[in-house]
file target.cif (mmCIF, N, CA and C atoms)
data_target
#
loop_
_atom_site.label_atom_id
_atom_site.label_comp_id
_atom_site.auth_asym_id
_atom_site.auth_seq_id
_atom_site.Cartn_x
_atom_site.Cartn_y
_atom_site.Cartn_z
N MET A 1 52.95 9.23 41.70
CA MET A 1 52.35 8.52 40.59
C MET A 1 50.84 8.71 40.58
N LYS A 2 50.22 8.65 41.77
CA LYS A 2 48.77 8.79 41.87
C LYS A 2 48.34 10.19 41.42
N TYR A 3 49.14 11.21 41.78
CA TYR A 3 48.79 12.57 41.41
C TYR A 3 48.96 12.82 39.91
N ILE A 4 49.95 12.18 39.33
CA ILE A 4 50.17 12.32 37.89
C ILE A 4 49.00 11.71 37.13
N LEU A 5 48.55 10.53 37.57
CA LEU A 5 47.41 9.87 36.92
C LEU A 5 46.15 10.72 37.05
N GLY A 6 45.92 11.29 38.22
CA GLY A 6 44.76 12.17 38.41
C GLY A 6 44.83 13.39 37.52
N PHE A 7 46.02 13.97 37.39
CA PHE A 7 46.19 15.13 36.54
C PHE A 7 45.93 14.78 35.08
N VAL A 8 46.42 13.64 34.62
CA VAL A 8 46.20 13.21 33.24
C VAL A 8 44.72 12.98 32.97
N ILE A 9 44.02 12.36 33.91
CA ILE A 9 42.58 12.13 33.74
C ILE A 9 41.82 13.44 33.69
N ALA A 10 42.16 14.37 34.59
CA ALA A 10 41.49 15.68 34.60
C ALA A 10 41.75 16.43 33.30
N LEU A 11 42.98 16.37 32.81
CA LEU A 11 43.32 17.03 31.56
C LEU A 11 42.56 16.42 30.39
N ALA A 12 42.42 15.09 30.39
CA ALA A 12 41.68 14.41 29.32
C ALA A 12 40.21 14.83 29.34
N VAL A 13 39.62 14.92 30.53
CA VAL A 13 38.22 15.33 30.64
C VAL A 13 38.04 16.76 30.13
N ILE A 14 38.95 17.64 30.48
CA ILE A 14 38.86 19.03 30.03
C ILE A 14 39.01 19.11 28.51
N LEU A 15 39.95 18.37 27.94
CA LEU A 15 40.13 18.39 26.49
C LEU A 15 38.91 17.83 25.76
N VAL A 16 38.32 16.78 26.29
CA VAL A 16 37.09 16.23 25.69
C VAL A 16 35.98 17.27 25.75
N GLY A 17 35.84 17.95 26.89
CA GLY A 17 34.81 18.97 27.03
C GLY A 17 35.00 20.13 26.06
N ILE A 18 36.23 20.58 25.90
CA ILE A 18 36.51 21.67 24.97
C ILE A 18 36.23 21.24 23.53
N THR A 19 36.63 20.03 23.18
CA THR A 19 36.40 19.53 21.83
C THR A 19 34.91 19.40 21.54
N ILE A 20 34.17 18.87 22.50
CA ILE A 20 32.72 18.73 22.30
C ILE A 20 32.06 20.10 22.19
N GLY A 21 32.47 21.03 23.03
CA GLY A 21 31.87 22.37 23.02
C GLY A 21 32.18 23.16 21.77
N ALA A 22 33.34 22.97 21.21
CA ALA A 22 33.74 23.75 20.04
C ALA A 22 33.03 23.30 18.77
N ASN A 23 32.64 22.05 18.68
CA ASN A 23 32.12 21.52 17.42
C ASN A 23 30.61 21.33 17.38
N ASN A 24 29.90 21.48 18.47
CA ASN A 24 28.47 21.19 18.50
C ASN A 24 27.70 22.36 19.10
N ASP A 25 27.26 23.27 18.24
CA ASP A 25 26.52 24.42 18.74
C ASP A 25 25.08 24.46 18.25
N GLN A 26 24.56 23.34 17.73
CA GLN A 26 23.17 23.32 17.28
C GLN A 26 22.23 23.30 18.49
N LEU A 27 21.06 23.90 18.33
CA LEU A 27 20.04 23.84 19.37
C LEU A 27 19.18 22.61 19.13
N ILE A 28 18.94 21.87 20.19
CA ILE A 28 18.07 20.69 20.08
C ILE A 28 17.04 20.75 21.19
N THR A 29 15.93 20.06 20.99
CA THR A 29 14.90 19.96 22.00
C THR A 29 15.11 18.64 22.73
N PHE A 30 15.30 18.75 24.03
CA PHE A 30 15.54 17.55 24.85
C PHE A 30 14.28 17.29 25.67
N ASN A 31 13.64 16.14 25.41
CA ASN A 31 12.43 15.75 26.14
C ASN A 31 12.82 14.81 27.27
N TYR A 32 12.47 15.15 28.49
CA TYR A 32 12.64 14.24 29.60
C TYR A 32 11.28 14.00 30.23
N VAL A 33 11.20 13.25 31.29
CA VAL A 33 9.94 12.70 31.78
C VAL A 33 8.87 13.76 32.01
N ILE A 34 9.19 14.86 32.68
CA ILE A 34 8.14 15.80 33.06
C ILE A 34 8.13 17.09 32.25
N ALA A 35 9.16 17.33 31.45
CA ALA A 35 9.19 18.58 30.70
C ALA A 35 10.13 18.42 29.50
N GLN A 36 10.35 19.53 28.81
CA GLN A 36 11.31 19.54 27.72
C GLN A 36 12.01 20.89 27.73
N SER A 37 13.19 20.92 27.18
CA SER A 37 13.93 22.18 27.12
C SER A 37 14.78 22.19 25.87
N GLU A 38 15.15 23.38 25.45
CA GLU A 38 16.04 23.53 24.30
C GLU A 38 17.43 23.82 24.82
N LEU A 39 18.36 22.99 24.41
CA LEU A 39 19.75 23.12 24.83
C LEU A 39 20.66 23.04 23.62
N ARG A 40 21.84 23.61 23.77
CA ARG A 40 22.86 23.38 22.75
C ARG A 40 23.33 21.94 22.90
N LEU A 41 23.65 21.33 21.79
CA LEU A 41 24.07 19.93 21.80
C LEU A 41 25.31 19.74 22.67
N SER A 42 26.23 20.67 22.62
CA SER A 42 27.45 20.55 23.43
C SER A 42 27.13 20.59 24.92
N THR A 43 26.17 21.42 25.32
CA THR A 43 25.78 21.50 26.72
C THR A 43 25.15 20.19 27.18
N LEU A 44 24.26 19.66 26.35
CA LEU A 44 23.61 18.40 26.70
C LEU A 44 24.62 17.26 26.81
N VAL A 45 25.54 17.18 25.86
CA VAL A 45 26.55 16.12 25.91
C VAL A 45 27.44 16.29 27.14
N ALA A 46 27.82 17.51 27.48
CA ALA A 46 28.65 17.75 28.65
C ALA A 46 27.91 17.37 29.94
N ILE A 47 26.63 17.70 30.02
CA ILE A 47 25.83 17.35 31.21
C ILE A 47 25.72 15.83 31.34
N LEU A 48 25.40 15.15 30.25
CA LEU A 48 25.27 13.70 30.30
C LEU A 48 26.61 13.02 30.57
N PHE A 49 27.69 13.56 30.02
CA PHE A 49 29.02 13.02 30.29
C PHE A 49 29.36 13.17 31.77
N GLY A 50 29.11 14.35 32.32
CA GLY A 50 29.37 14.60 33.74
C GLY A 50 28.52 13.71 34.63
N PHE A 51 27.25 13.54 34.26
CA PHE A 51 26.37 12.67 35.04
C PHE A 51 26.86 11.23 35.02
N GLY A 52 27.29 10.77 33.86
CA GLY A 52 27.82 9.41 33.75
C GLY A 52 29.10 9.24 34.55
N LEU A 53 29.96 10.26 34.53
CA LEU A 53 31.20 10.21 35.29
C LEU A 53 30.92 10.13 36.79
N ILE A 54 30.02 10.97 37.27
CA ILE A 54 29.67 10.97 38.69
C ILE A 54 29.01 9.65 39.08
N LEU A 55 28.10 9.16 38.25
CA LEU A 55 27.44 7.89 38.53
C LEU A 55 28.44 6.74 38.57
N GLY A 56 29.38 6.74 37.65
CA GLY A 56 30.41 5.71 37.64
C GLY A 56 31.27 5.75 38.90
N TRP A 57 31.65 6.95 39.33
CA TRP A 57 32.45 7.08 40.56
C TRP A 57 31.65 6.62 41.78
N LEU A 58 30.36 6.94 41.83
CA LEU A 58 29.54 6.50 42.96
C LEU A 58 29.43 4.98 43.01
N ILE A 59 29.16 4.36 41.88
CA ILE A 59 29.04 2.90 41.85
C ILE A 59 30.37 2.25 42.22
N THR A 60 31.47 2.78 41.68
CA THR A 60 32.78 2.25 42.02
C THR A 60 33.06 2.43 43.51
N GLY A 61 32.71 3.58 44.06
CA GLY A 61 32.91 3.83 45.48
C GLY A 61 32.11 2.88 46.36
N ILE A 62 30.89 2.57 45.95
CA ILE A 62 30.05 1.64 46.72
C ILE A 62 30.69 0.25 46.74
N PHE A 63 31.13 -0.21 45.56
CA PHE A 63 31.77 -1.52 45.51
C PHE A 63 33.09 -1.54 46.27
N TYR A 64 33.85 -0.45 46.21
CA TYR A 64 35.12 -0.35 46.94
C TYR A 64 34.86 -0.41 48.44
N LEU A 65 33.86 0.32 48.90
CA LEU A 65 33.52 0.32 50.32
C LEU A 65 33.07 -1.06 50.78
N LYS A 66 32.29 -1.73 49.95
CA LYS A 66 31.82 -3.08 50.28
C LYS A 66 33.00 -4.04 50.44
N VAL A 67 33.94 -3.99 49.50
CA VAL A 67 35.11 -4.87 49.56
C VAL A 67 35.98 -4.50 50.76
N LYS A 68 36.12 -3.21 51.05
CA LYS A 68 36.93 -2.78 52.19
C LYS A 68 36.32 -3.29 53.50
N LEU A 69 35.01 -3.22 53.65
CA LEU A 69 34.36 -3.72 54.86
C LEU A 69 34.50 -5.24 54.97
N GLN A 70 34.40 -5.94 53.86
CA GLN A 70 34.62 -7.39 53.87
C GLN A 70 36.04 -7.72 54.29
N ASN A 71 37.00 -6.94 53.81
CA ASN A 71 38.39 -7.15 54.16
C ASN A 71 38.62 -6.95 55.65
N ILE A 72 38.02 -5.93 56.22
CA ILE A 72 38.14 -5.67 57.66
C ILE A 72 37.56 -6.84 58.45
N ALA A 73 36.38 -7.31 58.05
CA ALA A 73 35.73 -8.42 58.76
C ALA A 73 36.57 -9.70 58.65
N LEU A 74 37.12 -9.97 57.48
CA LEU A 74 37.93 -11.17 57.30
C LEU A 74 39.25 -11.08 58.09
N ASN A 75 39.86 -9.91 58.13
CA ASN A 75 41.07 -9.75 58.93
C ASN A 75 40.80 -9.97 60.41
N ARG A 76 39.68 -9.47 60.88
CA ARG A 76 39.28 -9.68 62.28
C ARG A 76 39.08 -11.18 62.55
N ARG A 77 38.45 -11.86 61.60
CA ARG A 77 38.20 -13.29 61.75
C ARG A 77 39.51 -14.09 61.77
N VAL A 78 40.44 -13.74 60.89
CA VAL A 78 41.74 -14.41 60.85
C VAL A 78 42.49 -14.18 62.16
N LYS A 79 42.45 -12.97 62.67
CA LYS A 79 43.13 -12.67 63.93
C LYS A 79 42.54 -13.49 65.08
N ARG A 80 41.21 -13.57 65.13
CA ARG A 80 40.55 -14.35 66.17
C ARG A 80 40.90 -15.83 66.06
N GLN A 81 40.90 -16.35 64.83
CA GLN A 81 41.22 -17.77 64.64
C GLN A 81 42.69 -18.07 64.95
N SER A 82 43.59 -17.15 64.64
CA SER A 82 45.00 -17.38 64.97
C SER A 82 45.22 -17.34 66.48
N GLN A 83 44.46 -16.52 67.18
CA GLN A 83 44.54 -16.52 68.65
C GLN A 83 44.03 -17.84 69.22
N GLN A 84 42.95 -18.36 68.65
CA GLN A 84 42.43 -19.65 69.10
C GLN A 84 43.44 -20.77 68.83
N ILE A 85 44.11 -20.73 67.69
CA ILE A 85 45.10 -21.75 67.37
C ILE A 85 46.27 -21.68 68.35
N THR A 86 46.74 -20.49 68.66
CA THR A 86 47.85 -20.39 69.62
C THR A 86 47.42 -20.83 71.00
N GLU A 87 46.19 -20.58 71.39
CA GLU A 87 45.69 -21.05 72.70
C GLU A 87 45.63 -22.57 72.72
N LEU A 88 45.23 -23.19 71.62
CA LEU A 88 45.10 -24.64 71.59
C LEU A 88 46.46 -25.34 71.48
N THR A 89 47.40 -24.72 70.83
CA THR A 89 48.70 -25.37 70.63
C THR A 89 49.73 -25.05 71.71
N SER A 90 49.49 -24.02 72.48
CA SER A 90 50.46 -23.68 73.53
C SER A 90 50.33 -24.68 74.69
N PRO A 91 51.48 -25.06 75.31
CA PRO A 91 51.42 -26.03 76.42
C PRO A 91 50.75 -25.36 77.62
N LYS A 92 49.87 -26.14 78.24
CA LYS A 92 49.12 -25.62 79.38
C LYS A 92 49.89 -25.93 80.67
N ALA A 93 49.86 -24.97 81.56
CA ALA A 93 50.50 -25.21 82.86
C ALA A 93 49.52 -25.93 83.76
N GLU A 94 49.90 -27.13 84.15
CA GLU A 94 49.00 -27.93 84.98
C GLU A 94 49.52 -28.08 86.37
#

call {"tool": "encode", "arguments": {"input": "target.cif", "output": "structure tokens"}}
result
Amino acid sequence: MKYILGFVIALAVILVGITIGANNDQLITFNYVIAQSELRLSTLVAILFGFGLILGWLITGIFYLKVKLQNIALNRRVKRQSQQITELTSPKAE
């Protein structure tokens, strides 16, 4: 199931790229902070789309890693507390 979803997403990205590239061939001047360049509109849109996709994956990965580390810490805490509970509730040999 995971591989099918990945394949569908990759196919959708490729189709969007082909559609954008086929319909937008005008030259535009793109001004950024330190310079400017002339690019085809389709190239600029594809670059910005790719940048947004990568940025989104990075942000999602950071949040996923944060939650995963919290989960590990909480599981360790639960294990420690359950050991303490069993030590306190088990009958002591006197």

call {"tool": "atom_distance", "arguments": {"input": "target.cif", "atom1": "atom N of A:Gln70", "atom2": "atom CA of A:Ile85"}}
result
23.4 Å

call {"tool": "atom_distance", "arguments": {"input": "target.cif", "atom1": "atom N of A:Ile18", "atom2": "atom CA of A:Leu58"}}
result
23.1 Å

call {"tool": "select_by_dssp", "arguments": {"input": "target.cif", "residues": "stretch 4-57 of chain A", "states": "alpha helix (DSSP H)", "output": "PyMOL selection string"}}
result
chain A and resi 4-23+41-57

call {"tool": "resolve_selection", "arguments": {"input": "target.cif", "expression": "the PyMOL selection byres (((chain A and resi 40-51 and name CA) around 12) and name CA)", "output": "list in words"}}
result
Val13, Ile14, Leu15, Val16, Gly17, Ile18, Thr19, Ile20, Gly21, Ala22, Asn23, Asn24, Asp25, Gln26, Leu27, Ile28, Thr29, Phe30, Asn31, Ser37, Glu38, Leu39, Gly52, Leu53, Ile54, Leu55, Gly56, Trp57 and Leu58 of chain A

call {"tool": "write_last_selection", "arguments": {"input": "target.cif", "atoms": "N, CA and C atoms", "output": "short mmCIF file (atom, residue, chain, number, x, y, z; two decimals), in the frame of the given file"}}
result
data_model
loop_
_atom_site.label_atom_id
_atom_site.label_comp_id
_atom_site.auth_asym_id
_atom_site.auth_seq_id
_atom_site.Cartn_x
_atom_site.Cartn_y
_atom_site.Cartn_z
N VAL A 13 39.62 14.92 30.53
CA VAL A 13 38.22 15.33 30.64
C VAL A 13 38.04 16.76 30.13
N ILE A 14 38.95 17.64 30.48
CA ILE A 14 38.86 19.03 30.03
C ILE A 14 39.01 19.11 28.51
N LEU A 15 39.95 18.37 27.94
CA LEU A 15 40.13 18.39 26.49
C LEU A 15 38.91 17.83 25.76
N VAL A 16 38.32 16.78 26.29
CA VAL A 16 37.09 16.23 25.69
C VAL A 16 35.98 17.27 25.75
N GLY A 17 35.84 17.95 26.89
CA GLY A 17 34.81 18.97 27.03
C GLY A 17 35.00 20.13 26.06
N ILE A 18 36.23 20.58 25.90
CA ILE A 18 36.51 21.67 24.97
C ILE A 18 36.23 21.24 23.53
N THR A 19 36.63 20.03 23.18
CA THR A 19 36.40 19.53 21.83
C THR A 19 34.91 19.40 21.54
N ILE A 20 34.17 18.87 22.50
CA ILE A 20 32.72 18.73 22.30
C ILE A 20 32.06 20.10 22.19
N GLY A 21 32.47 21.03 23.03
CA GLY A 21 31.87 22.37 23.02
C GLY A 21 32.18 23.16 21.77
N ALA A 22 33.34 22.97 21.21
CA ALA A 22 33.74 23.75 20.04
C ALA A 22 33.03 23.30 18.77
N ASN A 23 32.64 22.05 18.68
CA ASN A 23 32.12 21.52 17.42
C ASN A 23 30.61 21.33 17.38
N ASN A 24 29.90 21.48 18.47
CA ASN A 24 28.47 21.19 18.50
C ASN A 24 27.70 22.36 19.10
N ASP A 25 27.26 23.27 18.24
CA ASP A 25 26.52 24.42 18.74
C ASP A 25 25.08 24.46 18.25
N GLN A 26 24.56 23.34 17.73
CA GLN A 26 23.17 23.32 17.28
C GLN A 26 22.23 23.30 18.49
N LEU A 27 21.06 23.90 18.33
CA LEU A 27 20.04 23.84 19.37
C LEU A 27 19.18 22.61 19.13
N ILE A 28 18.94 21.87 20.19
CA ILE A 28 18.07 20.69 20.08
C ILE A 28 17.04 20.75 21.19
N THR A 29 15.93 20.06 20.99
CA THR A 29 14.90 19.96 22.00
C THR A 29 15.11 18.64 22.73
N PHE A 30 15.30 18.75 24.03
CA PHE A 30 15.54 17.55 24.85
C PHE A 30 14.28 17.29 25.67
N ASN A 31 13.64 16.14 25.41
CA ASN A 31 12.43 15.75 26.14
C ASN A 31 12.82 14.81 27.27
N SER A 37 13.19 20.92 27.18
CA SER A 37 13.93 22.18 27.12
C SER A 37 14.78 22.19 25.87
N GLU A 38 15.15 23.38 25.45
CA GLU A 38 16.04 23.53 24.30
C GLU A 38 17.43 23.82 24.82
N LEU A 39 18.36 22.99 24.41
CA LEU A 39 19.75 23.12 24.83
C LEU A 39 20.66 23.04 23.62
N GLY A 52 27.29 10.77 33.86
CA GLY A 52 27.82 9.41 33.75
C GLY A 52 29.10 9.24 34.55
N LEU A 53 29.96 10.26 34.53
CA LEU A 53 31.20 10.21 35.29
C LEU A 53 30.92 10.13 36.79
N ILE A 54 30.02 10.97 37.27
CA ILE A 54 29.67 10.97 38.69
C ILE A 54 29.01 9.65 39.08
N LEU A 55 28.10 9.16 38.25
CA LEU A 55 27.44 7.89 38.53
C LEU A 55 28.44 6.74 38.57
N GLY A 56 29.38 6.74 37.65
CA GLY A 56 30.41 5.71 37.64
C GLY A 56 31.27 5.75 38.90
N TRP A 57 31.65 6.95 39.33
CA TRP A 57 32.45 7.08 40.56
C TRP A 57 31.65 6.62 41.78
N LEU A 58 30.36 6.94 41.83
CA LEU A 58 29.54 6.50 42.96
C LEU A 58 29.43 4.98 43.01
#

call {"tool": "atom_distance", "arguments": {"input": "target.cif", "atom1": "atom C of A:Phe7", "atom2": "atom CA of A:Thr60"}}
result
19.4 Å
